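Asks: This is the content of target04.cif (mmCIF, C-alpha atoms and all ligand atoms; chains and numbers go by the auth columns):
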data_input
loop_
_atom_site.group_PDB
_atom_site.id
_atom_site.type_symbol
_atom_site.label_atom_id
_atom_site.label_comp_id
_atom_site.label_asym_id
_atom_site.label_seq_id
_atom_site.Cartn_x
_atom_site.Cartn_y
_atom_site.Cartn_z
_atom_site.B_iso_or_equiv
_atom_site.auth_seq_id
_atom_site.auth_asym_id
ATOM 1 C CA MET A 1 13.145 5.131 -13.022 0.00 24 Z
ATOM 2 C CA PHE A 2 12.667 2.518 -10.300 0.00 25 Z
ATOM 3 C CA THR A 3 12.812 4.660 -7.188 0.00 26 Z
ATOM 4 C CA VAL A 4 13.138 3.519 -3.592 0.00 27 Z
ATOM 5 C CA SER A 5 9.680 4.894 -2.774 0.00 28 Z
ATOM 6 C CA LEU A 6 8.156 2.944 -5.646 0.00 29 Z
ATOM 7 C CA TYR A 7 9.911 -0.160 -4.393 0.00 30 Z
ATOM 8 C CA LEU A 8 8.527 0.407 -0.896 0.00 31 Z
ATOM 9 C CA LYS A 9 5.045 0.942 -2.306 0.00 32 Z
ATOM 10 C CA ILE A 10 5.239 -2.361 -4.163 0.00 33 Z
ATOM 11 C CA GLU A 11 6.529 -4.053 -1.028 0.00 34 Z
ATOM 12 C CA ARG A 12 3.577 -2.689 0.941 0.00 35 Z
ATOM 13 C CA GLN A 13 1.168 -4.341 -1.499 0.00 36 Z
ATOM 14 C CA LYS A 14 1.933 -7.512 0.445 0.00 37 Z
ATOM 15 C CA TYR A 15 0.154 -5.976 3.467 0.00 38 Z
ATOM 16 C CA MET A 16 1.736 -7.809 6.320 0.00 39 Z
ATOM 17 C CA ALA A 17 0.586 -6.945 9.813 0.00 40 Z
ATOM 18 C CA ILE A 18 2.842 -4.693 11.835 0.00 41 Z
ATOM 19 C CA ILE A 19 4.349 -5.918 15.074 0.00 42 Z
ATOM 20 C CA ILE A 20 6.612 -4.257 17.621 0.00 43 Z
ATOM 21 C CA THR A 21 9.717 -6.262 18.422 0.00 44 Z
ATOM 22 C CA ASP A 22 11.645 -6.649 21.665 0.00 45 Z
ATOM 23 C CA ASP A 23 13.974 -3.869 20.477 0.00 46 Z
ATOM 24 C CA CYS A 24 11.333 -1.302 21.512 0.00 47 Z
ATOM 25 C CA ILE A 25 12.781 1.306 23.883 0.00 48 Z
ATOM 26 C CA ASN A 26 9.348 2.471 25.131 0.00 49 Z
ATOM 27 C CA CYS A 27 9.849 5.995 23.793 0.00 50 Z
ATOM 28 C CA GLY A 28 6.139 6.377 22.985 0.00 51 Z
ATOM 29 C CA ALA A 29 6.711 8.170 19.666 0.00 52 Z
ATOM 30 C CA CYS A 30 4.503 5.799 17.687 0.00 53 Z
ATOM 31 C CA GLU A 31 1.419 5.887 19.906 0.00 54 Z
ATOM 32 C CA PRO A 32 0.007 9.307 18.898 0.00 55 Z
ATOM 33 C CA GLU A 33 0.703 8.668 15.215 0.00 56 Z
ATOM 34 C CA CYS A 34 -1.658 5.717 14.875 0.00 57 Z
ATOM 35 C CA PRO A 35 -4.910 6.702 13.114 0.00 58 Z
ATOM 36 C CA ASN A 36 -6.690 3.749 14.730 0.00 59 Z
ATOM 37 C CA THR A 37 -5.340 4.093 18.269 0.00 60 Z
ATOM 38 C CA ALA A 38 -4.055 0.535 17.873 0.00 61 Z
ATOM 39 C CA ILE A 39 -0.829 1.121 19.822 0.00 62 Z
ATOM 40 C CA TYR A 40 -0.775 0.725 23.581 0.00 63 Z
ATOM 41 C CA GLU A 41 1.784 1.013 26.322 0.00 64 Z
ATOM 42 C CA GLY A 42 2.873 -2.239 27.914 0.00 65 Z
ATOM 43 C CA ALA A 43 0.341 -3.648 30.406 0.00 66 Z
ATOM 44 C CA ALA A 44 -2.400 -1.251 29.262 0.00 67 Z
ATOM 45 C CA LYS A 45 -5.669 -2.938 28.375 0.00 68 Z
ATOM 46 C CA TRP A 46 -7.095 -2.099 24.949 0.00 69 Z
ATOM 47 C CA ARG A 47 -10.625 -1.455 23.705 0.00 70 Z
ATOM 48 C CA PHE A 48 -12.088 -1.170 20.223 0.00 71 Z
ATOM 49 C CA SER A 49 -13.751 2.103 21.229 0.00 72 Z
ATOM 50 C CA ASP A 50 -10.475 3.830 22.189 0.00 73 Z
ATOM 51 C CA GLY A 51 -9.950 6.593 19.640 0.00 74 Z
ATOM 52 C CA THR A 52 -12.462 5.207 17.147 0.00 75 Z
ATOM 53 C CA GLY A 53 -16.077 5.845 16.231 0.00 76 Z
ATOM 54 C CA PHE A 54 -17.180 2.295 17.020 0.00 77 Z
ATOM 55 C CA THR A 55 -19.759 2.051 19.777 0.00 78 Z
ATOM 56 C CA GLY A 56 -21.908 -0.781 21.089 0.00 79 Z
ATOM 57 C CA LYS A 57 -21.478 -4.215 19.575 0.00 80 Z
ATOM 58 C CA GLY A 58 -20.743 -5.324 16.032 0.00 81 Z
ATOM 59 C CA ALA A 59 -19.253 -7.923 13.705 0.00 82 Z
ATOM 60 C CA HIS A 60 -15.581 -7.129 13.148 0.00 83 Z
ATOM 61 C CA PRO A 61 -14.233 -8.247 9.725 0.00 84 Z
ATOM 62 C CA THR A 62 -11.645 -10.598 11.229 0.00 85 Z
ATOM 63 C CA ALA A 63 -12.397 -10.845 14.961 0.00 86 Z
ATOM 64 C CA GLY A 64 -16.111 -11.646 14.701 0.00 87 Z
ATOM 65 C CA ASP A 65 -18.624 -10.322 17.225 0.00 88 Z
ATOM 66 C CA VAL A 66 -17.015 -7.735 19.492 0.00 89 Z
ATOM 67 C CA ASP A 67 -18.027 -5.276 22.195 0.00 90 Z
ATOM 68 C CA SER A 68 -16.587 -1.792 21.730 0.00 91 Z
ATOM 69 C CA ASP A 69 -16.073 -1.128 25.445 0.00 92 Z
ATOM 70 C CA LYS A 70 -14.808 -4.523 26.546 0.00 93 Z
ATOM 71 C CA GLU A 71 -11.342 -4.257 28.069 0.00 94 Z
ATOM 72 C CA ASN A 72 -8.985 -6.685 26.366 0.00 95 Z
ATOM 73 C CA ASP A 73 -5.791 -8.001 27.920 0.00 96 Z
ATOM 74 C CA ALA A 74 -2.475 -6.386 27.052 0.00 97 Z
ATOM 75 C CA ILE A 75 -0.421 -8.265 24.477 0.00 98 Z
ATOM 76 C CA SER A 76 2.828 -7.164 26.135 0.00 99 Z
ATOM 77 C CA MET A 77 3.317 -6.300 29.781 0.00 100 Z
ATOM 78 C CA ASP A 78 6.635 -4.511 29.324 0.00 101 Z
ATOM 79 C CA LEU A 79 6.762 -2.952 25.870 0.00 102 Z
ATOM 80 C CA TYR A 80 4.472 -0.990 23.586 0.00 103 Z
ATOM 81 C CA TYR A 81 2.323 -3.297 21.483 0.00 104 Z
ATOM 82 C CA ILE A 82 -0.129 -3.185 18.584 0.00 105 Z
ATOM 83 C CA SER A 83 -3.648 -4.572 18.688 0.00 106 Z
ATOM 84 C CA PRO A 84 -3.827 -6.527 15.406 0.00 107 Z
ATOM 85 C CA GLU A 85 -7.616 -6.194 15.278 0.00 108 Z
ATOM 86 C CA LYS A 86 -7.358 -2.381 15.275 0.00 109 Z
ATOM 87 C CA CYS A 87 -4.307 -2.046 13.016 0.00 110 Z
ATOM 88 C CA THR A 88 -5.122 -1.433 9.356 0.00 111 Z
ATOM 89 C CA GLU A 89 -1.452 -1.028 8.469 0.00 112 Z
ATOM 90 C CA CYS A 90 -2.531 2.604 7.971 0.00 113 Z
ATOM 91 C CA VAL A 91 -4.473 1.626 4.827 0.00 114 Z
ATOM 92 C CA GLY A 92 -7.188 4.211 4.272 0.00 115 Z
ATOM 93 C CA PHE A 93 -5.146 6.926 5.969 0.00 116 Z
ATOM 94 C CA HIS A 94 -1.513 6.926 4.833 0.00 117 Z
ATOM 95 C CA ASP A 95 0.748 5.419 2.189 0.00 118 Z
ATOM 96 C CA GLU A 96 2.925 3.691 4.777 0.00 119 Z
ATOM 97 C CA PRO A 97 2.644 2.540 8.395 0.00 120 Z
ATOM 98 C CA GLN A 98 3.132 5.635 10.498 0.00 121 Z
ATOM 99 C CA CYS A 99 4.464 3.766 13.506 0.00 122 Z
ATOM 100 C CA ALA A 100 7.292 2.363 11.411 0.00 123 Z
ATOM 101 C CA ALA A 101 7.956 5.799 9.922 0.00 124 Z
ATOM 102 C CA VAL A 102 8.547 7.465 13.301 0.00 125 Z
ATOM 103 C CA CYS A 103 10.141 4.651 15.304 0.00 126 Z
ATOM 104 C CA PRO A 104 13.720 5.670 16.165 0.00 127 Z
ATOM 105 C CA VAL A 105 14.952 2.092 16.437 0.00 128 Z
ATOM 106 C CA ASP A 106 13.020 0.568 13.509 0.00 129 Z
ATOM 107 C CA CYS A 107 11.274 -2.012 15.640 0.00 130 Z
ATOM 108 C CA CYS A 108 7.821 -1.698 14.010 0.00 131 Z
ATOM 109 C CA ILE A 109 8.176 -4.358 11.371 0.00 132 Z
ATOM 110 C CA ASP A 110 6.120 -6.524 9.040 0.00 133 Z
ATOM 111 C CA ASP A 111 4.895 -9.757 10.537 0.00 134 Z
ATOM 112 C CA GLU A 112 5.710 -12.237 7.795 0.00 135 Z
ATOM 113 C CA ASP A 113 3.194 -14.712 9.204 0.00 136 Z
ATOM 114 C CA VAL A 114 0.150 -12.419 9.078 0.00 137 Z
ATOM 115 C CA ARG A 115 -1.106 -11.058 5.768 0.00 138 Z
ATOM 116 C CA GLU A 116 -4.357 -9.262 5.086 0.00 139 Z
ATOM 117 C CA SER A 117 -5.706 -8.044 1.772 0.00 140 Z
ATOM 118 C CA GLU A 118 -6.280 -4.363 1.094 0.00 141 Z
ATOM 119 C CA GLU A 119 -10.000 -5.131 0.985 0.00 142 Z
ATOM 120 C CA VAL A 120 -9.935 -6.611 4.482 0.00 143 Z
ATOM 121 C CA LEU A 121 -7.833 -3.743 5.826 0.00 144 Z
ATOM 122 C CA LEU A 122 -10.241 -1.188 4.369 0.00 145 Z
ATOM 123 C CA SER A 123 -13.204 -3.038 5.848 0.00 146 Z
ATOM 124 C CA LYS A 124 -11.481 -2.921 9.255 0.00 147 Z
ATOM 125 C CA LYS A 125 -10.977 0.818 8.848 0.00 148 Z
ATOM 126 C CA THR A 126 -14.645 1.294 7.937 0.00 149 Z
ATOM 127 C CA PHE A 127 -15.734 -0.842 10.860 0.00 150 Z
ATOM 128 C CA LEU A 128 -13.706 1.250 13.306 0.00 151 Z
ATOM 129 C CA HIS A 129 -14.546 4.705 12.007 0.00 152 Z
ATOM 130 C CA VAL A 130 -18.104 4.755 10.665 0.00 153 Z
HETATM 131 S S1 LIG B . 0.567 0.410 10.945 0.00 201 S
HETATM 132 FE FE1 LIG B . -0.684 2.262 11.173 0.00 201 S
HETATM 133 S S2 LIG B . -2.651 1.481 11.944 0.00 201 S
HETATM 134 FE FE2 LIG B . -1.111 -0.123 12.322 0.00 201 S
HETATM 135 S S3 LIG B . -0.337 0.251 14.370 0.00 201 S
HETATM 136 FE FE3 LIG B . 1.060 1.296 12.954 0.00 201 S
HETATM 137 S S4 LIG B . 0.269 3.397 12.881 0.00 201 S
HETATM 138 FE FE4 LIG B . -1.382 2.105 13.720 0.00 201 S
HETATM 139 S S1 LIG B . 8.355 4.380 18.417 0.00 202 S
HETATM 140 FE FE1 LIG B . 9.400 2.373 18.389 0.00 202 S
HETATM 141 S S2 LIG B . 10.722 2.379 20.227 0.00 202 S
HETATM 142 FE FE2 LIG B . 9.216 4.023 20.483 0.00 202 S
HETATM 143 S S3 LIG B . 7.519 3.051 21.642 0.00 202 S
HETATM 144 FE FE3 LIG B . 7.018 2.904 19.463 0.00 202 S
HETATM 145 S S4 LIG B . 7.779 0.881 18.856 0.00 202 S
HETATM 146 FE FE4 LIG B . 8.778 1.396 20.794 0.00 202 S
#
Written as structure tokens, how would this file's structure read?
Ligand code: SF4
Ligand code: SF4
Replies:
Amino acid sequence: MFTVSLYLKIERQKYMAIIITDDCINCGACEPECPNTAIYEGAAKWRFSDGTGFTGKGAHPTAGDVDSDKENDAISMDLYYISPEKCTECVGFHDEPQCAAVCPVDCCIDDEDVRESEEVLLSKKTFLHV
């Protein structure tokens, strides 16, 4: 039988990056659920080292050479946002994006313009947590 969960699993094979839309109500529910600490409050600067095992400098699979402790500018000044370089779409941890699963207003959605393969997402996870 073609279940809804199977359908969702097939849909997730597309692996589109997750973005937070302007519908965010700043409830903060998603932030502690992210296994990569990729979600930040509006205006907060983000670092690769926040909540990960990455220290020093290294070659990120998609971002190139990065410094773990460098403070990077916020992507949104008003609403929670996701660092795309830290987001693995929960690949390597969970079957579905946890931010989307807990968001009360369903504003964590697939970014149709950004797709990454499972291989790339797993390499990002390894980079962040080794
Ligand atoms: S999809 Fe997963 S890894 Fe990406 S921001 Fe949401 S909770 Fe974090
Ligand atoms: S759970 Fe949804 S509404 Fe709440 S902060 Fe996260 S993205 Fe915004």
Asks: Which residues match the PyMOL selection byres (((chain Z and resi 61-75) around 7) and not hetatm) in the file above, as a list in words?
Replies: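 After applying the PyMOL selection byres (((chain Z and resi 61-75) around 7) and not hetatm), what remains is Glu54, Cys57, Asn59, Thr60, Gly76, Phe77, Thr78, Ser91, Asp92, Lys93, Glu94, Asn95, Asp96, Ala97, Ser99, Met100, Asp101, Leu102, Tyr103, Tyr104, Ile105, Ser106, Lys109, Cys110, Leu151 and His152 of chain Z.
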Asks: Name the residues that the PyMOL selection byres (((chain Z and resi 131) around 7) and not hetatm) pulls out of this structure, and write them as a PyMOL selection string.
Replies: chain Z and resi 41-44+122-123+126+129-130+132
Asks: Which is closer to ligand LIG 201 (chain S) than all the others in Z:Ile48, Z:Ala82, Z:Cys113, Z:Val89, using all atoms listed in the file?
Replies: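 Looking only at the distances to ligand LIG 201 (chain S), the closest residue turns out to be Z:Cys113.
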Asks: Counting all atoms listed in the file, which residues come within 8 Å of (-13.7, -6.9, 10.5), with the point read in the file's coordinates, and could you list them as a ChimeraX atom specification?
Replies: /Z:82-87,108,143,146-147,150
Asks: If you measure from atom CA of Asp90 of chain Z to atom FE1 of ligand LIG 202 (chain S), what distance in Å do you get, rounded to one decimal?
Replies: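 Interatomic distance here is 28.7 Å.
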Asks: Which residue out of Z:Thr149, Z:Gln121, Z:Asn49, Z:Ser140 has the minimum interatomic distance to ligand LIG 201 (chain S) when all atoms listed in the file are used?
Replies: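 Between Z:Thr149, Z:Gln121, Z:Asn49, Z:Ser140, the residue approaching ligand LIG 201 (chain S) most closely is Z:Gln121.
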Asks: Grab the atom CA of Gly79 of chain Z to atom CA of Glu141 of chain Z distance for me, in Å with one decimal place.
Replies: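 Between atom CA of Gly79 of chain Z and atom CA of Glu141 of chain Z the gap works out to 25.6 Å.
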Asks: As an exercise, work out the distance from atom S4 of ligand LIG 202 (chain S) to atom CA of Val153 of chain Z in Å and give it to one decimal place.
Replies: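 Computing the Euclidean distance for atom S4 of ligand LIG 202 (chain S) and atom CA of Val153 of chain Z yields 27.4 Å.
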Asks: Which is closer to ligand LIG 202 (chain S) than all the others in Z:Asp134, Z:Asp118, Z:Asp88, Z:Glu56, using all atoms listed in the file?
Replies: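 The answer is Z:Glu56, which sits nearest to ligand LIG 202 (chain S).
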Asks: Taking all atoms listed in the file into account, name the residue in Z:Pro58, Z:Ala124, Z:Glu112, Z:Ile98 that is nearest to ligand LIG 202 (chain S).
Replies: Z:Ala124
Asks: Rank nothing, just name the residue among Z:Leu145, Z:Val128, Z:Ala40, Z:Val137 nearest to ligand LIG 201 (chain S), using all atoms listed in the file.
Replies: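 Of the candidates, the smallest distance to ligand LIG 201 (chain S) is held by Z:Ala40.
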